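This is data_4.txt (compact mmCIF, C-alpha atoms).
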```txt
# COMPACT_ATOMS: atom_id res chain seq x y z
CA MET A 22 -96.80 -45.11 -34.50
CA ARG A 23 -95.52 -48.58 -33.61
CA ASN A 24 -92.31 -49.64 -31.94
CA ALA A 25 -90.11 -52.57 -32.91
CA SER A 26 -92.32 -55.05 -31.04
CA GLY A 27 -95.36 -53.91 -32.98
CA ALA A 28 -97.05 -52.27 -29.99
CA ILE A 29 -98.64 -48.89 -30.50
CA LYS A 30 -96.54 -46.07 -29.05
CA HIS A 31 -98.43 -43.41 -27.12
CA ASN A 32 -97.56 -39.81 -26.35
CA LEU A 33 -95.68 -40.15 -23.08
CA MET A 34 -94.76 -37.37 -20.68
CA TYR A 35 -91.48 -39.14 -19.90
CA LYS A 36 -89.12 -41.07 -22.14
CA ARG A 37 -87.05 -42.79 -19.45
CA VAL A 38 -87.79 -43.38 -15.77
CA LEU A 39 -86.32 -45.14 -12.78
CA LEU A 40 -89.06 -47.05 -10.93
CA LYS A 41 -88.33 -47.73 -7.26
CA LEU A 42 -90.42 -50.51 -5.71
CA SER A 43 -90.37 -51.30 -2.02
CA GLY A 44 -89.59 -54.87 -1.05
CA GLU A 45 -92.71 -54.96 1.10
CA SER A 46 -94.89 -54.21 -1.93
CA LEU A 47 -93.65 -57.45 -3.52
CA GLY A 48 -94.75 -59.33 -0.44
CA GLY A 49 -98.45 -58.66 -0.96
CA GLN A 50 -100.77 -58.08 1.98
CA THR A 51 -98.27 -59.30 4.59
CA GLY A 52 -95.26 -57.49 3.11
CA LYS A 53 -93.23 -60.65 3.65
CA GLY A 54 -91.69 -63.04 1.15
CA LEU A 55 -92.73 -63.02 -2.51
CA ASP A 56 -96.37 -62.77 -3.50
CA THR A 57 -96.94 -64.09 -7.01
CA ASP A 58 -100.14 -62.10 -7.49
CA SER A 59 -98.31 -58.84 -6.73
CA LEU A 60 -95.39 -59.79 -8.96
CA ARG A 61 -97.73 -60.69 -11.80
CA ALA A 62 -99.74 -57.47 -11.46
CA TYR A 63 -96.61 -55.30 -11.34
CA ALA A 64 -95.07 -57.07 -14.31
CA HIS A 65 -98.23 -56.56 -16.37
CA GLU A 66 -98.33 -52.85 -15.54
CA ILE A 67 -94.62 -52.34 -16.26
CA ALA A 68 -94.75 -54.38 -19.47
CA ASP A 69 -97.67 -52.29 -20.77
CA ALA A 70 -95.65 -49.13 -20.20
CA ALA A 71 -92.54 -50.60 -21.85
CA LYS A 72 -94.53 -51.75 -24.88
CA ALA A 73 -95.95 -48.21 -25.15
CA GLY A 74 -92.42 -46.89 -25.61
CA LEU A 75 -91.28 -45.99 -22.09
CA GLU A 76 -87.72 -46.88 -21.09
CA ILE A 77 -87.85 -48.34 -17.57
CA ALA A 78 -85.12 -49.20 -15.11
CA ILE A 79 -86.17 -50.71 -11.78
CA VAL A 80 -84.60 -50.70 -8.33
CA ASN A 81 -86.24 -53.03 -5.81
CA GLY A 82 -86.00 -52.81 -2.06
CA GLY A 83 -85.42 -55.93 0.02
CA GLY A 84 -87.49 -55.35 3.15
CA ASN A 85 -89.82 -58.25 2.40
CA ILE A 86 -86.88 -60.59 2.95
CA PHE A 87 -84.38 -58.76 5.17
CA ARG A 88 -83.73 -55.15 6.14
CA GLY A 89 -80.19 -54.52 7.38
CA LEU A 90 -80.93 -51.59 9.70
CA GLN A 91 -83.76 -53.40 11.48
CA GLY A 92 -81.53 -56.42 11.89
CA VAL A 93 -79.10 -54.41 14.01
CA GLY A 94 -81.60 -54.39 16.88
CA SER A 95 -81.76 -58.19 16.70
CA GLY A 96 -78.02 -58.69 17.02
CA PHE A 97 -76.91 -58.43 13.39
CA ASP A 98 -73.81 -56.41 12.55
CA ARG A 99 -74.79 -53.37 10.45
CA VAL A 100 -72.28 -53.98 7.66
CA ASP A 101 -73.10 -57.67 7.27
CA GLY A 102 -76.80 -56.92 7.74
CA ASP A 103 -76.69 -54.43 4.88
CA LYS A 104 -74.96 -57.02 2.70
CA MET A 105 -77.82 -59.42 3.45
CA GLY A 106 -80.30 -56.70 2.51
CA MET A 107 -78.48 -56.13 -0.78
CA LEU A 108 -78.74 -59.83 -1.58
CA ALA A 109 -82.46 -59.66 -0.83
CA THR A 110 -82.86 -57.02 -3.56
CA VAL A 111 -81.19 -59.40 -6.02
CA ILE A 112 -83.71 -62.13 -5.17
CA ASN A 113 -86.58 -59.68 -5.68
CA SER A 114 -85.19 -58.48 -9.00
CA LEU A 115 -84.73 -62.03 -10.29
CA ALA A 116 -88.32 -62.83 -9.34
CA LEU A 117 -89.78 -59.75 -11.03
CA SER A 118 -87.65 -60.31 -14.14
CA MET A 119 -89.22 -63.75 -14.65
CA PHE A 120 -92.73 -62.33 -14.58
CA LEU A 121 -91.71 -59.53 -16.96
CA ARG A 122 -90.42 -62.08 -19.45
CA ASP A 123 -93.72 -63.91 -19.17
CA GLU A 124 -95.30 -60.63 -20.36
CA GLY A 125 -93.12 -60.69 -23.47
CA VAL A 126 -90.63 -58.03 -22.37
CA GLU A 127 -86.86 -58.42 -22.19
CA ALA A 128 -85.76 -58.12 -18.55
CA LYS A 129 -82.13 -58.14 -17.49
CA VAL A 130 -80.87 -58.10 -13.90
CA PHE A 131 -77.73 -56.16 -13.03
CA THR A 132 -75.97 -56.17 -9.65
CA ALA A 133 -73.87 -53.50 -7.95
CA THR A 134 -71.22 -56.08 -7.03
CA PRO A 135 -69.97 -58.92 -9.29
CA MET A 136 -72.36 -61.86 -9.03
CA GLU A 137 -72.04 -63.80 -12.28
CA PRO A 138 -73.65 -66.09 -13.29
CA VAL A 139 -76.58 -65.01 -11.09
CA ALA A 140 -76.76 -61.62 -12.82
CA GLU A 141 -74.58 -59.28 -14.83
CA TYR A 142 -72.32 -56.76 -13.11
CA TYR A 143 -73.87 -53.30 -13.44
CA MET A 144 -72.38 -50.89 -15.94
CA ARG A 145 -74.43 -47.86 -16.85
CA ASP A 146 -73.92 -48.15 -20.60
CA LYS A 147 -75.00 -51.81 -20.65
CA ALA A 148 -78.13 -51.01 -18.68
CA VAL A 149 -78.95 -48.14 -21.04
CA GLU A 150 -78.50 -50.48 -24.02
CA VAL A 151 -81.24 -52.70 -22.60
CA LEU A 152 -83.52 -49.68 -22.18
CA THR A 153 -82.99 -48.32 -25.68
CA ARG A 154 -83.96 -51.63 -27.28
CA GLY A 155 -87.22 -51.76 -25.33
CA GLY A 156 -86.18 -53.96 -22.44
CA VAL A 157 -86.35 -53.43 -18.70
CA ALA A 158 -83.15 -53.13 -16.65
CA LEU A 159 -83.45 -54.27 -13.03
CA ILE A 160 -80.55 -52.81 -11.06
CA ALA A 161 -80.08 -54.71 -7.81
CA GLY A 162 -77.70 -54.67 -4.86
CA GLY A 163 -78.20 -51.06 -3.81
CA THR A 164 -75.04 -49.00 -4.25
CA GLY A 165 -72.90 -52.00 -3.36
CA ASN A 166 -71.94 -50.34 -0.08
CA PRO A 167 -73.34 -50.58 3.47
CA PHE A 168 -75.01 -47.61 5.18
CA PHE A 169 -76.87 -46.63 2.01
CA THR A 170 -80.55 -47.43 1.51
CA THR A 171 -82.11 -48.65 -1.71
CA ASP A 172 -83.78 -45.20 -1.94
CA SER A 173 -80.31 -43.68 -2.19
CA GLY A 174 -79.35 -46.36 -4.69
CA ALA A 175 -82.42 -45.54 -6.77
CA ALA A 176 -81.56 -41.83 -6.75
CA LEU A 177 -77.99 -42.60 -7.81
CA ARG A 178 -79.05 -44.91 -10.66
CA ALA A 179 -81.71 -42.46 -11.86
CA LEU A 180 -79.06 -39.78 -12.21
CA GLU A 181 -76.60 -42.16 -13.86
CA ILE A 182 -78.98 -43.32 -16.58
CA LYS A 183 -80.28 -39.76 -17.08
CA ALA A 184 -83.87 -40.63 -16.24
CA ASP A 185 -86.53 -37.97 -16.67
CA ALA A 186 -88.03 -38.83 -13.28
CA LEU A 187 -87.76 -41.18 -10.34
CA LEU A 188 -91.07 -42.91 -9.66
CA LYS A 189 -91.46 -44.41 -6.20
CA GLY A 190 -94.20 -47.02 -6.16
CA THR A 191 -95.52 -47.69 -2.66
CA ASN A 192 -98.70 -48.91 -0.99
CA VAL A 193 -99.69 -45.31 -0.11
CA ASP A 194 -101.09 -42.83 -2.64
CA GLY A 195 -98.52 -40.10 -2.03
CA VAL A 196 -96.65 -38.14 0.62
CA TYR A 197 -98.51 -37.13 3.80
CA THR A 198 -97.79 -34.87 6.75
CA ALA A 199 -97.77 -38.05 8.87
CA ASP A 200 -98.31 -41.77 8.40
CA PRO A 201 -101.95 -41.93 7.16
CA LYS A 202 -102.27 -45.46 8.50
CA LYS A 203 -101.55 -44.22 12.02
CA ASP A 204 -102.81 -40.64 11.97
CA PRO A 205 -106.35 -40.05 10.63
CA ASN A 206 -105.60 -36.32 10.48
CA ALA A 207 -102.67 -36.74 8.11
CA VAL A 208 -102.93 -34.51 5.03
CA LYS A 209 -101.65 -35.45 1.60
CA TYR A 210 -99.33 -33.19 -0.37
CA ASP A 211 -100.07 -32.83 -4.09
CA GLU A 212 -96.56 -31.49 -4.53
CA LEU A 213 -93.70 -30.09 -2.49
CA THR A 214 -90.10 -29.03 -2.93
CA PHE A 215 -87.04 -30.99 -1.92
CA ASP A 216 -86.19 -28.31 0.64
CA GLU A 217 -89.64 -28.78 2.20
CA ALA A 218 -89.31 -32.56 2.20
CA ILE A 219 -85.88 -32.36 3.83
CA SER A 220 -86.73 -29.68 6.40
CA ARG A 221 -89.93 -31.49 7.43
CA ARG A 222 -88.03 -34.79 7.59
CA LEU A 223 -90.71 -36.62 5.65
CA LYS A 224 -90.10 -40.34 5.83
CA VAL A 225 -91.16 -41.43 2.36
CA MET A 226 -87.50 -41.40 1.22
CA ASP A 227 -84.31 -40.92 3.17
CA GLN A 228 -82.53 -37.59 3.35
CA THR A 229 -79.59 -38.74 1.21
CA ALA A 230 -81.94 -39.70 -1.64
CA PHE A 231 -83.73 -36.35 -1.42
CA ALA A 232 -80.41 -34.49 -1.43
CA LEU A 233 -79.10 -36.40 -4.46
CA CYS A 234 -82.27 -35.77 -6.45
CA SER A 235 -82.35 -32.12 -5.41
CA GLU A 236 -78.77 -31.53 -6.54
CA GLY A 237 -79.37 -33.43 -9.78
CA ASN A 238 -82.77 -31.80 -10.46
CA MET A 239 -84.39 -35.24 -10.56
CA PRO A 240 -88.15 -35.00 -9.87
CA ILE A 241 -89.71 -37.72 -7.73
CA ILE A 242 -93.29 -38.94 -8.00
CA VAL A 243 -94.52 -40.96 -5.05
CA PHE A 244 -97.63 -43.00 -5.91
CA ASP A 245 -99.63 -46.11 -5.11
CA MET A 246 -98.29 -48.88 -7.32
CA HIS A 247 -101.20 -51.09 -6.29
CA GLY A 248 -103.64 -48.75 -8.05
CA ARG A 249 -104.39 -50.40 -11.37
CA GLY A 250 -103.32 -48.15 -14.24
CA ASN A 251 -101.53 -45.60 -12.05
CA LEU A 252 -98.20 -46.05 -13.79
CA THR A 253 -99.61 -45.46 -17.28
CA ARG A 254 -101.67 -42.51 -15.96
CA ILE A 255 -98.49 -40.84 -14.70
CA LEU A 256 -96.79 -41.41 -18.04
CA ALA A 257 -99.74 -39.81 -19.82
CA GLY A 258 -99.25 -36.67 -17.73
CA GLU A 259 -102.08 -37.14 -15.24
CA LYS A 260 -101.53 -35.94 -11.68
CA VAL A 261 -101.14 -39.07 -9.58
CA GLY A 262 -99.57 -39.22 -6.13
CA THR A 263 -97.19 -36.51 -4.94
CA LEU A 264 -94.62 -34.65 -7.02
CA VAL A 265 -91.38 -33.64 -5.25
CA HIS A 266 -89.28 -31.17 -7.20
CA VAL A 267 -86.68 -28.42 -6.97
```

Could you take the file, read its structure, and then write that structure out as structure tokens?
Amino acid sequence: MRNASGAIKHNLMYKRVLLKLSGESLGGQTGKGLDTDSLRAYAHEIADAAKAGLEIAIVNGGGNIFRGLQGVGSGFDRVDGDKMGMLATVINSLALSMFLRDEGVEAKVFTATPMEPVAEYYMRDKAVEVLTRGGVALIAGGTGNPFFTTDSGAALRALEIKADALLKGTNVDGVYTADPKKDPNAVKYDELTFDEAISRRLKVMDQTAFALCSEGNMPIIVFDMHGRGNLTRILAGEKVGTLVHV
């Protein structure tokens, strides 16, 4: 079966997902700034999934440019620092959208606060319209409010658009008992419940995001976005990364 673009549609485990990408992942090896190789690789992977029939919304972090909470220790006010972080997510989304268009996929950037003509003000129904016609909706600016992380923003948007799952693409292949880069004895979870993730205070997402997804029965898959083909493997139903569920 082919979709409107002529691409062959595959049997997908999910119809619609919210993909959360960390800002650091867009910064390549250093995690800083914008790395064109990373952007190009991500866009290719996402475009392949979209052309196969998956509806994809994306929330980007902004840590490769500025992270509000870390800025507090350097003298930045938390509220203004968070605003700067929200603007960083807009920059990241604009960058990724350009590479997605180069892959032949419609990509539209929405922002949580009015920012025309830079991007369109986010309204759920408009974002869903983009998804249903085969495009990718990049929802930037977090929740539009300080004191909320982009993880919480991703959880909120996933629930709003009625995604089947929230996929968190990181540079680690799942959730571990500790940071595997610092602790060689860290053990990976294949799956765990939200209650376990919250009670063990696992750092892969913040507690607010876990609570929102738990209450909304929104499964989370944490996986290595750098692994070539991982996204399409997840969509085909293969076990990749860590599944967090009710």

Restrict the calculation to all atoms listed in the file, then for each residue of stretch 57-153 of chain A with any atom at most 6 Å from an atom of stretch 159-173 of chain A give the closest atom pair and their distance in Å to one decimal, rows by chain and rising residue number, as CSV.
```
residue,atom,partner,partner_atom,distance
A:Ala78,CA,A:Leu159,CA,5.7
A:Ile79,CA,A:Leu159,CA,4.7
A:Val80,CA,A:Ile160,CA,5.3
A:Gly82,CA,A:Thr171,CA,5.7
A:Val100,CA,A:Pro167,CA,5.5
A:Asp103,CA,A:Pro167,CA,5.3
A:Met107,CA,A:Gly162,CA,4.4
A:Thr110,CA,A:Ala161,CA,5.6
A:Val111,CA,A:Ala161,CA,5.1
A:Val130,CA,A:Leu159,CA,4.7
A:Phe131,CA,A:Ile160,CA,4.8
A:Thr132,CA,A:Ala161,CA,4.7
A:Ala133,CA,A:Gly165,CA,4.9
A:Thr134,CA,A:Gly165,CA,5.7
```

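Within 8 Å of the point (-88.2, -27.2, -10.3), counting only C-alpha atoms, the protein and nucleic acid residues come to A:Thr214, A:Asn238, A:Pro240, A:His266, A:Val267.
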
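Here atom CA of A:Glu236 and atom CA of A:Lys104 stand 27.4 Å from one another.
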
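Candidate residues A:Gly237, A:Gly250, A:Gly262, A:Gly156 were compared for distance to A:Lys72, and the nearest is A:Gly156, using only C-alpha atoms.
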
Between stretch 38-141 of chain A and stretch 192-212 of chain A, at 9 Å or less, what are the per-residue closest atom pairs and their distances in Å? Count all atoms listed in the file, order by chain and rising residue number, and return it as a Markdown table.
```
| residue | atom | partner | partner_atom | distance |
| --- | --- | --- | --- | --- |
| A:Ser43 | CA | A:Asn192 | CA | 8.7 |
| A:Glu45 | CA | A:Asn192 | CA | 8.8 |
| A:Ser46 | CA | A:Asn192 | CA | 6.6 |
```

Those same residues, written as a CSV table (one decimal), in the frame of the given file with C-alpha atoms?
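This is the output file out-v4.csv:
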```
chain,number,residue,atom,x,y,z
A,43,SER,CA,-90.4,-51.3,-2.0
A,45,GLU,CA,-92.7,-55.0,1.1
A,46,SER,CA,-94.9,-54.2,-1.9
```

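Note that the spacing between atom CA of A:Thr57 and atom CA of A:Ile86 amounts to 14.6 Å.
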
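Atom CA of A:Gly106 is positioned 21.9 Å from atom CA of A:Met246.
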
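Using only C-alpha atoms for every distance, the candidate list A:Arg37, A:Arg249, A:Arg222, A:Arg99 yields A:Arg249 as the residue closest to A:Gly190.
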
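Considering the residues A:Val265, A:Met239, A:Ala64, A:Leu177 and counting only C-alpha atoms, A:Val225 has its shortest atom-to-atom contact with A:Val265.
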
* **Contacts of A:Ala176 at 8 Å (all atoms listed in the file; same-chain gap of 5+ positions) as a list in words** => Leu187, Ala230, Phe231, Leu233 and Cys234 of chain A

* **Residues near A:Asn113, cut-off 7 Å, only C-alpha atoms, skip fewer than 3 positions along chain, as a PyMOL selection string** => chain A and resi 81+83+109-110+116-117

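Residue nearest A:Gly49, chosen from A:Thr191, A:Thr253, A:Ala232, A:Glu76 and counting all atoms listed in the file: A:Thr191.
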
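Among the candidates A:Ala71, A:Met119, A:Ile219, A:Ile77, the residue lying nearest to A:Arg178 is A:Ile77 (atoms considered: all atoms listed in the file).
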